[in-house]
Amino acid sequence: MCGIICYVGDKQARSILLDGLKQLEYRGYDSSGFAVREGIHIDHCRAVGKIAELERKVSGLDIKGSIGIAHTRWATHGEPSEENAHPHTDQDENVFLIHNGIVENYLSIKKRLQKKGIVFRSETDTEILAQLVGQNFDGSLSEAVRKTMSQVEGTFGMAVIHRNVPDEIVVARRGSPLIIGVSDDGLFAASDVSAMVRYTKKVVHLQDNELATLTADGFSISTAQAKPIERDTETVEWRVEDSELNGFPHFMLKEIYEQPETIKNAIRGRLEPGEGVPKLGGIMPVWERLKACRHLVIVACGTSYYAGCVGRYVFEKLTEIDVEVELASEFRYRKLNFPPNTFILALSQSGETADTLAALREAKRKDASLLGFVNGVGSSISRETEAGIYNHAGPEIGVASTKIFTSQLTILTLLALLLGRHQNLSLTEGVEAIRALQELPDQIRTILAQDNHIQAIAEKYYKSSNWLFLGRKFNYPIAMEGALKLKEVSYIHAEGYAAGEMKHGPIALINPDMPTVAVVPKDDMYDKMISNIHEIKSRKGPVIAIATQGDDRISELVDELIEIPPTLDYLNPILSVVPCQLLAYHCASFLKRDIDKPRNLAKSVTVE
Ligand code: AGP
């Protein structure tokens, strides 16, 4: 989705902005632009395509100035074009404005402004904001932005400069993240910490309906109602090297390989092995209520939703709690009626997914208790929930989520185990679970050691244009996640199914050209999965099995075998998903796809 980076300080803004835009590339975008000012002179440039194209357009130009705003655009209103790229200006070209989000009432405002004779130059909703700020300007940029905020409906993270206010950038937010970065060389504002982490780790999160004025000397925050806000800086834990490839060809592969470490980070300091109980400081603020919880609703999107689907089985195995998992984008349209002691748990890598946030807000309206498991420290979801657990997995740059999925499964298991131990789970079961959790990082290493074998399987099948993924119980969501990974990065059509459903329809598709990935570890679903594999083999469908090490029965039955080490049944998904991630990665690589930035996708989906 769109990205914002702004700078005001002692240094030249141009290179800081272009560098920041490159750090935002992973979010997905189709055009970009920036504006840099020196005195009343403002240089600006926009380009369609990669940041390299923007760089090409400005190479050789003498652009000077130590204040600037820059943007990557992911088209919503109007096709990707130079006219629709940001910054947008007002009629007199005094205002330069960049925006993430969607202005919902833009058409009525546009008509009203057109009646006043204002001519629009783009198809975007953003141009309305620039025109309104221009109309509302009466000497104070922050007041013009404040008034504009009161006139628009929808979401925005925006940054504005004005030709007649030489030293200021005004930023504002409603529903779309904006973070101020504080350094000795000046101030930054960005939609995403990664755009400024090279320059500073000290940040201040702007909250909804707040705006801030940034100058080289400092910043001030106020609400949309002009109430001043004092807020301390926080220190982010991300390191510069987290957003570098470190020898890997793609972030997706790097992040797949980081999983032994990210699982360690998810459990580090959170286990009491002797007691068989996790310690989860983040949920202590709601612990008394949570202990009494008998109904949990997990809301999430995409890969995070599939993590929630695994979580449901894990909670059912370890606790007495009823669990529902809902796609956040559908949750709001349900007739919500929660039993007492219901908790809503939002799962999200970014912590900024608009659908998940909207679901949380709806649940809050119905007085449910809110938990958030996110990777994005200080993100909107972490701030809008009462308590939660961080993944501490470092930034995930590849658009396809990999390391966060296994980290989510790990922390979901920790919560289930903690609650289970306060219910019926015995000390022996708790100790056994902790031992098995601690073994996971090394077990993932043994799967990664089969990477060449998995690559060879991908080479054999990547030309097949349809794939089926099957699993049951704990591994049914892995079938769905495996199919999603393959679709996202290779653009191969894939379906993830509960294996028992195959005979109710998908079996019609089976033929020698359609590979099936069967997730079939040794658990209580094993015999049924074997029957499904027989059904596919009788119809000459090739089968790639992900099975437990030493399973001789399956090795004779299937075309390809990828082995995972033995673990507890409810931890199998943390292992069985890794071959699916590698298969997707290698297929995409053979097909020469843009793996880290697949077409049409965005890393953080901040529009509903
Ligand atoms: C996964 O590979 C995705 N690109 C996507 O489905 C993602 O999981 C979804 O958009 C949810 O994002 P979140 O975890 O940041 O909320």
# chains A, B, ... in the order shown; residues from 1 in each chain; ligands from 1

$ residues_near_ligand --ligand "ligand 1" --cutoff "7 Å" --atoms "only C-alpha atoms and all ligand atoms" --output "PyMOL selection string"
chain A and resi 300-304+347-353+356+399-402+485+488+601-605

$ select_by_dssp --residues "region 217-431 of chain A" --states "helix (DSSP H, G or I)" --output "ChimeraX atom specification"
/A:240-243,251-257,259-267,281-291,302-318,328-331,354-365,380-384,403-421,427-431

$ write_last_selection --atoms "C-alpha atoms" --output "PDB file, in the first residue's frame"
ATOM      1  CA  VAL A 240      19.255  -1.661   9.951  1.00  0.00           C
ATOM      2  CA  GLU A 241      20.451  -5.144   8.930  1.00  0.00           C
ATOM      3  CA  ASP A 242      16.917  -6.497   9.470  1.00  0.00           C
ATOM      4  CA  SER A 243      15.894  -4.690   6.320  1.00  0.00           C
ATOM      5  CA  PHE A 251      13.603 -11.265   1.543  1.00  0.00           C
ATOM      6  CA  MET A 252      11.093 -14.103   1.332  1.00  0.00           C
ATOM      7  CA  LEU A 253      13.889 -16.696   1.375  1.00  0.00           C
ATOM      8  CA  LYS A 254      15.797 -14.805   4.064  1.00  0.00           C
ATOM      9  CA  GLU A 255      12.689 -14.689   6.222  1.00  0.00           C
ATOM     10  CA  ILE A 256      11.946 -18.397   5.690  1.00  0.00           C
ATOM     11  CA  TYR A 257      15.492 -19.083   6.898  1.00  0.00           C
ATOM     12  CA  GLN A 259      12.331 -18.959  11.372  1.00  0.00           C
ATOM     13  CA  PRO A 260      14.511 -20.905  13.826  1.00  0.00           C
ATOM     14  CA  GLU A 261      15.509 -17.516  15.254  1.00  0.00           C
ATOM     15  CA  THR A 262      12.053 -15.918  15.189  1.00  0.00           C
ATOM     16  CA  ILE A 263      10.552 -18.898  16.998  1.00  0.00           C
ATOM     17  CA  LYS A 264      13.280 -18.588  19.612  1.00  0.00           C
ATOM     18  CA  ASN A 265      12.402 -14.892  19.934  1.00  0.00           C
ATOM     19  CA  ALA A 266       8.732 -15.772  20.380  1.00  0.00           C
ATOM     20  CA  ILE A 267       9.465 -18.102  23.306  1.00  0.00           C
ATOM     21  CA  GLY A 281       3.718 -10.390  30.765  1.00  0.00           C
ATOM     22  CA  GLY A 282       1.811  -8.683  27.943  1.00  0.00           C
ATOM     23  CA  ILE A 283      -1.529 -10.194  28.905  1.00  0.00           C
ATOM     24  CA  MET A 284      -1.220  -9.578  32.639  1.00  0.00           C
ATOM     25  CA  PRO A 285      -3.322  -6.375  32.515  1.00  0.00           C
ATOM     26  CA  VAL A 286      -6.367  -8.552  31.668  1.00  0.00           C
ATOM     27  CA  TRP A 287      -5.298 -11.781  33.344  1.00  0.00           C
ATOM     28  CA  GLU A 288      -8.100 -12.017  35.928  1.00  0.00           C
ATOM     29  CA  ARG A 289     -10.736 -11.627  33.186  1.00  0.00           C
ATOM     30  CA  LEU A 290      -8.858 -13.838  30.747  1.00  0.00           C
ATOM     31  CA  LYS A 291      -8.703 -16.703  33.252  1.00  0.00           C
ATOM     32  CA  GLY A 302      -4.949 -13.606   4.934  1.00  0.00           C
ATOM     33  CA  THR A 303      -2.091 -15.582   6.404  1.00  0.00           C
ATOM     34  CA  SER A 304      -2.847 -14.270   9.888  1.00  0.00           C
ATOM     35  CA  TYR A 305      -6.372 -15.685   9.494  1.00  0.00           C
ATOM     36  CA  TYR A 306      -4.929 -19.112   8.673  1.00  0.00           C
ATOM     37  CA  ALA A 307      -2.743 -18.845  11.783  1.00  0.00           C
ATOM     38  CA  GLY A 308      -5.965 -18.189  13.696  1.00  0.00           C
ATOM     39  CA  CYS A 309      -7.540 -21.288  12.117  1.00  0.00           C
ATOM     40  CA  VAL A 310      -4.669 -23.427  13.434  1.00  0.00           C
ATOM     41  CA  GLY A 311      -5.052 -21.617  16.767  1.00  0.00           C
ATOM     42  CA  ARG A 312      -8.667 -22.772  17.048  1.00  0.00           C
ATOM     43  CA  TYR A 313      -7.589 -26.430  16.963  1.00  0.00           C
ATOM     44  CA  VAL A 314      -4.774 -25.761  19.433  1.00  0.00           C
ATOM     45  CA  PHE A 315      -7.108 -24.016  21.896  1.00  0.00           C
ATOM     46  CA  GLU A 316      -9.619 -26.825  21.556  1.00  0.00           C
ATOM     47  CA  LYS A 317      -6.873 -29.340  22.302  1.00  0.00           C
ATOM     48  CA  LEU A 318      -5.351 -27.543  25.285  1.00  0.00           C
ATOM     49  CA  ALA A 328     -11.929  -9.603   9.844  1.00  0.00           C
ATOM     50  CA  SER A 329     -13.437  -8.287   6.621  1.00  0.00           C
ATOM     51  CA  GLU A 330     -16.650 -10.289   7.274  1.00  0.00           C
ATOM     52  CA  PHE A 331     -16.784 -10.000  11.055  1.00  0.00           C
ATOM     53  CA  ALA A 354      -7.706  -1.841   8.093  1.00  0.00           C
ATOM     54  CA  ASP A 355     -10.192  -4.742   8.121  1.00  0.00           C
ATOM     55  CA  THR A 356      -8.769  -6.129  11.357  1.00  0.00           C
ATOM     56  CA  LEU A 357      -8.843  -2.710  12.994  1.00  0.00           C
ATOM     57  CA  ALA A 358     -12.440  -2.192  11.874  1.00  0.00           C
ATOM     58  CA  ALA A 359     -13.395  -5.596  13.323  1.00  0.00           C
ATOM     59  CA  LEU A 360     -11.785  -4.679  16.650  1.00  0.00           C
ATOM     60  CA  ARG A 361     -13.617  -1.372  16.777  1.00  0.00           C
ATOM     61  CA  GLU A 362     -16.912  -3.122  16.114  1.00  0.00           C
ATOM     62  CA  ALA A 363     -16.195  -5.629  18.892  1.00  0.00           C
ATOM     63  CA  LYS A 364     -15.311  -2.777  21.248  1.00  0.00           C
ATOM     64  CA  ARG A 365     -18.692  -1.189  20.546  1.00  0.00           C
ATOM     65  CA  SER A 380      -2.595   0.740  15.743  1.00  0.00           C
ATOM     66  CA  ILE A 381      -3.788  -2.717  16.821  1.00  0.00           C
ATOM     67  CA  SER A 382      -1.335  -2.803  19.706  1.00  0.00           C
ATOM     68  CA  ARG A 383      -2.649   0.563  20.865  1.00  0.00           C
ATOM     69  CA  GLU A 384      -6.327  -0.178  20.414  1.00  0.00           C
ATOM     70  CA  LYS A 403       8.250 -16.033   9.574  1.00  0.00           C
ATOM     71  CA  ILE A 404       5.365 -14.197  11.195  1.00  0.00           C
ATOM     72  CA  PHE A 405       3.003 -17.115  10.502  1.00  0.00           C
ATOM     73  CA  THR A 406       5.146 -19.596  12.441  1.00  0.00           C
ATOM     74  CA  SER A 407       5.741 -16.983  15.127  1.00  0.00           C
ATOM     75  CA  GLN A 408       1.975 -16.411  15.413  1.00  0.00           C
ATOM     76  CA  LEU A 409       1.404 -20.158  15.778  1.00  0.00           C
ATOM     77  CA  THR A 410       4.027 -20.226  18.520  1.00  0.00           C
ATOM     78  CA  ILE A 411       2.525 -17.415  20.591  1.00  0.00           C
ATOM     79  CA  LEU A 412      -1.011 -18.740  20.091  1.00  0.00           C
ATOM     80  CA  THR A 413       0.226 -22.050  21.504  1.00  0.00           C
ATOM     81  CA  LEU A 414       1.810 -20.236  24.460  1.00  0.00           C
ATOM     82  CA  LEU A 415      -1.495 -18.559  25.322  1.00  0.00           C
ATOM     83  CA  ALA A 416      -3.451 -21.795  24.904  1.00  0.00           C
ATOM     84  CA  LEU A 417      -0.945 -23.600  27.102  1.00  0.00           C
ATOM     85  CA  LEU A 418      -1.079 -20.925  29.788  1.00  0.00           C
ATOM     86  CA  LEU A 419      -4.884 -20.992  29.893  1.00  0.00           C
ATOM     87  CA  GLY A 420      -4.949 -24.783  29.622  1.00  0.00           C
ATOM     88  CA  ARG A 421      -2.635 -25.121  32.621  1.00  0.00           C
ATOM     89  CA  LEU A 427       1.918 -30.645  34.720  1.00  0.00           C
ATOM     90  CA  THR A 428       3.209 -33.519  32.564  1.00  0.00           C
ATOM     91  CA  GLU A 429       1.374 -32.204  29.509  1.00  0.00           C
ATOM     92  CA  GLY A 430       2.656 -28.685  30.180  1.00  0.00           C
ATOM     93  CA  VAL A 431       6.260 -29.832  30.572  1.00  0.00           C
TER      94      VAL A 431
END

$ atom_distance --atom1 "CA of Cys587 (chain A)" --atom2 "CA of Gly496 (chain A)"
16.8 Å

$ atom_distance --atom1 "CA of Ala226 (chain A)" --atom2 "CA of Val95 (chain A)"
21.4 Å

$ closest_atom_pairs --of "region 574-593 of chain A" --to "region 463-469 of chain A" --cutoff "10 Å" --atoms "only C-alpha atoms" --output "CSV"
residue,atom,partner,partner_atom,distance
A:Cys580,CA,A:Phe469,CA,9.3
A:Cys587,CA,A:Lys463,CA,8.4
A:Phe590,CA,A:Lys463,CA,9.0
A:Leu591,CA,A:Lys463,CA,8.2

$ select_by_dssp --residues "region 403-592 of chain A" --states "strand (DSSP E)" --output "list in words"
Asn466, Trp467, Leu468, Phe469, Leu470, Gly471, His493, Ala494, Glu495, Gly496, Tyr497, Ala498, Thr516, Val517, Ala518, Val519, Val520, Val543, Ile544, Ala545, Ile546, Ala547, Thr548, Glu560, Leu561, Ile562, Glu563 and Ile564 of chain A

$ write_last_selection --atoms "N, CA, C and O atoms" --output "short mmCIF file (atom, residue, chain, number, x, y, z; two decimals), in the first residue's frame"
data_model
loop_
_atom_site.label_atom_id
_atom_site.label_comp_id
_atom_site.auth_asym_id
_atom_site.auth_seq_id
_atom_site.Cartn_x
_atom_site.Cartn_y
_atom_site.Cartn_z
N ASN A 466 -2.27 -25.57 -12.18
CA ASN A 466 -3.24 -25.73 -11.08
C ASN A 466 -2.67 -26.69 -10.05
O ASN A 466 -2.20 -27.76 -10.41
N TRP A 467 -2.74 -26.30 -8.79
CA TRP A 467 -2.27 -27.16 -7.70
C TRP A 467 -3.38 -27.29 -6.65
O TRP A 467 -4.18 -26.36 -6.46
N LEU A 468 -3.36 -28.44 -5.96
CA LEU A 468 -4.29 -28.63 -4.85
C LEU A 468 -3.47 -28.88 -3.59
O LEU A 468 -2.44 -29.57 -3.65
N PHE A 469 -3.88 -28.30 -2.47
CA PHE A 469 -3.23 -28.55 -1.18
C PHE A 469 -4.29 -29.16 -0.26
O PHE A 469 -5.39 -28.62 -0.14
N LEU A 470 -3.95 -30.28 0.38
CA LEU A 470 -4.90 -30.94 1.26
C LEU A 470 -4.32 -31.17 2.65
O LEU A 470 -3.14 -31.49 2.79
N GLY A 471 -5.17 -31.03 3.64
CA GLY A 471 -4.76 -31.34 5.02
C GLY A 471 -6.01 -31.56 5.84
O GLY A 471 -7.12 -31.25 5.39
N HIS A 493 -2.41 -20.94 -10.00
CA HIS A 493 -3.68 -21.14 -9.31
C HIS A 493 -3.58 -22.33 -8.38
O HIS A 493 -3.15 -23.42 -8.78
N ALA A 494 -3.95 -22.12 -7.13
CA ALA A 494 -3.88 -23.22 -6.15
C ALA A 494 -5.08 -23.13 -5.22
O ALA A 494 -5.56 -22.05 -4.91
N GLU A 495 -5.54 -24.30 -4.79
CA GLU A 495 -6.65 -24.33 -3.84
C GLU A 495 -6.24 -25.11 -2.61
O GLU A 495 -5.63 -26.18 -2.72
N GLY A 496 -6.59 -24.61 -1.45
CA GLY A 496 -6.32 -25.32 -0.20
C GLY A 496 -7.64 -25.89 0.31
O GLY A 496 -8.62 -25.15 0.45
N TYR A 497 -7.68 -27.18 0.56
CA TYR A 497 -8.93 -27.82 0.94
C TYR A 497 -8.76 -28.69 2.17
O TYR A 497 -7.68 -29.25 2.42
N ALA A 498 -9.84 -28.84 2.93
CA ALA A 498 -9.89 -29.89 3.95
C ALA A 498 -9.96 -31.19 3.17
O ALA A 498 -10.84 -31.35 2.30
N THR A 516 -0.89 -32.50 -6.26
CA THR A 516 -1.53 -32.27 -4.96
C THR A 516 -0.46 -32.32 -3.88
O THR A 516 0.34 -33.26 -3.83
N VAL A 517 -0.43 -31.29 -3.05
CA VAL A 517 0.46 -31.31 -1.89
C VAL A 517 -0.38 -31.81 -0.72
O VAL A 517 -1.37 -31.18 -0.34
N ALA A 518 -0.02 -32.98 -0.20
CA ALA A 518 -0.78 -33.56 0.92
C ALA A 518 0.02 -33.39 2.20
O ALA A 518 1.16 -33.84 2.29
N VAL A 519 -0.58 -32.69 3.17
CA VAL A 519 0.12 -32.49 4.45
C VAL A 519 -0.35 -33.61 5.37
O VAL A 519 -1.49 -33.64 5.82
N VAL A 520 0.55 -34.57 5.60
CA VAL A 520 0.11 -35.84 6.20
C VAL A 520 1.07 -36.32 7.29
O VAL A 520 1.67 -37.39 7.18
N VAL A 543 1.37 -36.74 -6.38
CA VAL A 543 1.23 -36.30 -4.98
C VAL A 543 2.59 -35.99 -4.38
O VAL A 543 3.53 -36.78 -4.47
N ILE A 544 2.66 -34.78 -3.82
CA ILE A 544 3.85 -34.36 -3.06
C ILE A 544 3.42 -34.44 -1.59
O ILE A 544 2.52 -33.70 -1.18
N ALA A 545 4.05 -35.34 -0.83
CA ALA A 545 3.61 -35.48 0.57
C ALA A 545 4.57 -34.78 1.51
O ALA A 545 5.79 -34.84 1.33
N ILE A 546 3.99 -34.11 2.50
CA ILE A 546 4.79 -33.57 3.60
C ILE A 546 4.46 -34.47 4.79
O ILE A 546 3.32 -34.44 5.31
N ALA A 547 5.41 -35.32 5.16
CA ALA A 547 5.10 -36.38 6.12
C ALA A 547 6.18 -36.47 7.19
O ALA A 547 7.26 -35.89 7.05
N THR A 548 5.86 -37.22 8.24
CA THR A 548 6.80 -37.35 9.36
C THR A 548 7.98 -38.25 8.97
O THR A 548 7.79 -39.28 8.30
N GLU A 560 6.49 -37.65 -4.52
CA GLU A 560 7.57 -36.88 -3.91
C GLU A 560 7.32 -36.85 -2.41
O GLU A 560 6.17 -36.74 -1.98
N LEU A 561 8.42 -36.87 -1.67
CA LEU A 561 8.27 -36.87 -0.21
C LEU A 561 9.16 -35.80 0.42
O LEU A 561 10.36 -35.72 0.10
N ILE A 562 8.58 -35.00 1.28
CA ILE A 562 9.37 -34.04 2.07
C ILE A 562 9.12 -34.40 3.53
O ILE A 562 7.96 -34.51 3.96
N GLU A 563 10.22 -34.61 4.26
CA GLU A 563 10.05 -35.09 5.63
C GLU A 563 10.15 -33.96 6.65
O GLU A 563 10.98 -33.06 6.50
N ILE A 564 9.30 -34.06 7.67
CA ILE A 564 9.40 -33.14 8.80
C ILE A 564 9.65 -33.97 10.06
O ILE A 564 9.18 -35.11 10.15
#

$ residues_around --residues "Met196 (chain A)" --least-positions-apart "2" --cutoff "12 Å" --atoms "only C-alpha atoms" --output "compact mmCIF listing (two decimals) with N, CA and C atoms, in the first residue's frame"
# COMPACT_ATOMS: atom_id res chain seq x y z
N GLY A 3 3.04 4.58 0.81
CA GLY A 3 4.01 4.83 1.86
C GLY A 3 4.39 6.30 1.90
N ILE A 4 4.73 6.76 3.11
CA ILE A 4 5.08 8.17 3.31
C ILE A 4 6.44 8.26 3.99
N ILE A 5 7.29 9.17 3.53
CA ILE A 5 8.51 9.53 4.26
C ILE A 5 8.72 11.04 4.10
N CYS A 6 8.98 11.70 5.21
CA CYS A 6 9.19 13.16 5.18
C CYS A 6 10.43 13.48 6.02
N TYR A 7 11.06 14.59 5.71
CA TYR A 7 12.24 15.00 6.49
C TYR A 7 12.29 16.51 6.59
N ILE A 16 17.75 11.56 1.41
CA ILE A 16 17.05 10.90 2.53
C ILE A 16 15.68 10.41 2.05
N LEU A 17 15.01 11.24 1.26
CA LEU A 17 13.67 10.85 0.80
C LEU A 17 13.75 9.69 -0.18
N LEU A 18 14.69 9.75 -1.12
CA LEU A 18 14.79 8.66 -2.10
C LEU A 18 15.17 7.35 -1.41
N ASP A 19 16.06 7.46 -0.42
CA ASP A 19 16.44 6.26 0.32
C ASP A 19 15.22 5.72 1.09
N GLY A 20 14.48 6.62 1.71
CA GLY A 20 13.28 6.21 2.46
C GLY A 20 12.27 5.54 1.55
N LEU A 21 12.10 6.09 0.34
CA LEU A 21 11.14 5.47 -0.60
C LEU A 21 11.57 4.05 -0.94
N LYS A 22 12.89 3.84 -1.08
CA LYS A 22 13.35 2.48 -1.41
C LYS A 22 13.04 1.53 -0.26
N GLN A 23 13.15 2.03 0.97
CA GLN A 23 12.84 1.17 2.12
C GLN A 23 11.34 0.84 2.18
N LEU A 24 10.54 1.69 1.53
CA LEU A 24 9.09 1.46 1.54
C LEU A 24 8.62 0.59 0.38
N LEU A 178 1.02 6.98 11.04
CA LEU A 178 2.03 8.02 10.85
C LEU A 178 2.89 8.08 12.10
N ILE A 179 4.18 8.00 11.87
CA ILE A 179 5.11 7.92 12.99
C ILE A 179 6.13 9.03 12.82
N ILE A 180 6.42 9.76 13.90
CA ILE A 180 7.43 10.81 13.85
C ILE A 180 8.74 10.20 14.32
N GLY A 181 9.83 10.49 13.61
CA GLY A 181 11.15 10.00 14.00
C GLY A 181 11.99 11.18 14.46
N VAL A 182 12.69 11.01 15.59
CA VAL A 182 13.43 12.13 16.18
C VAL A 182 14.92 11.80 16.13
N SER A 183 15.73 12.68 15.49
CA SER A 183 17.17 12.43 15.47
C SER A 183 17.91 13.74 15.67
N GLY A 186 17.59 16.06 12.63
CA GLY A 186 16.30 16.59 12.21
C GLY A 186 15.17 15.64 12.55
N LEU A 187 14.02 15.92 11.97
CA LEU A 187 12.83 15.11 12.25
C LEU A 187 12.36 14.41 11.00
N PHE A 188 11.77 13.27 11.21
CA PHE A 188 11.21 12.48 10.12
C PHE A 188 9.73 12.25 10.40
N ALA A 189 9.00 11.92 9.37
CA ALA A 189 7.64 11.38 9.58
C ALA A 189 7.49 10.30 8.52
N ALA A 190 6.93 9.18 8.91
CA ALA A 190 6.80 8.07 7.96
C ALA A 190 5.60 7.23 8.32
N SER A 191 5.13 6.49 7.32
CA SER A 191 4.02 5.58 7.55
C SER A 191 4.53 4.27 8.13
N ASP A 192 5.85 4.11 8.16
CA ASP A 192 6.42 2.81 8.47
C ASP A 192 7.84 3.06 9.01
N VAL A 193 8.13 2.49 10.15
CA VAL A 193 9.43 2.72 10.79
C VAL A 193 10.59 2.39 9.84
N SER A 194 10.42 1.38 8.99
CA SER A 194 11.54 0.93 8.15
C SER A 194 12.08 2.05 7.27
N ARG A 198 17.25 3.77 9.46
CA ARG A 198 18.67 4.07 9.22
C ARG A 198 19.10 5.34 9.93
N TYR A 199 18.17 6.23 10.17
CA TYR A 199 18.52 7.54 10.71
C TYR A 199 18.18 7.67 12.18
N THR A 200 17.16 6.98 12.60
CA THR A 200 16.77 7.09 14.02
C THR A 200 15.94 5.89 14.45
N LYS A 201 16.08 5.59 15.73
CA LYS A 201 15.23 4.55 16.33
C LYS A 201 14.27 5.15 17.35
N LYS A 202 14.37 6.49 17.51
CA LYS A 202 13.49 7.16 18.48
C LYS A 202 12.24 7.64 17.76
N VAL A 203 11.10 7.14 18.18
CA VAL A 203 9.87 7.47 17.44
C VAL A 203 8.75 7.92 18.38
N VAL A 236 12.51 1.99 18.94
CA VAL A 236 12.13 0.77 18.22
C VAL A 236 13.29 -0.21 18.22
N TRP A 238 14.00 -2.47 15.85
CA TRP A 238 14.46 -2.93 14.54
C TRP A 238 15.89 -2.47 14.28
N ARG A 239 16.65 -3.36 13.65
CA ARG A 239 18.03 -3.01 13.29
C ARG A 239 18.10 -2.76 11.79
N VAL A 240 19.13 -1.97 11.38
CA VAL A 240 19.26 -1.66 9.95
C VAL A 240 19.40 -2.96 9.15
N SER A 243 16.52 -5.01 7.61
CA SER A 243 15.89 -4.69 6.32
C SER A 243 16.90 -4.80 5.17

$ closest_residue --among "A:Ala393, A:Leu54, A:Ala47, A:Ile478" --to "Ser81 (chain A)" --atoms "only C-alpha atoms"
A:Ala47
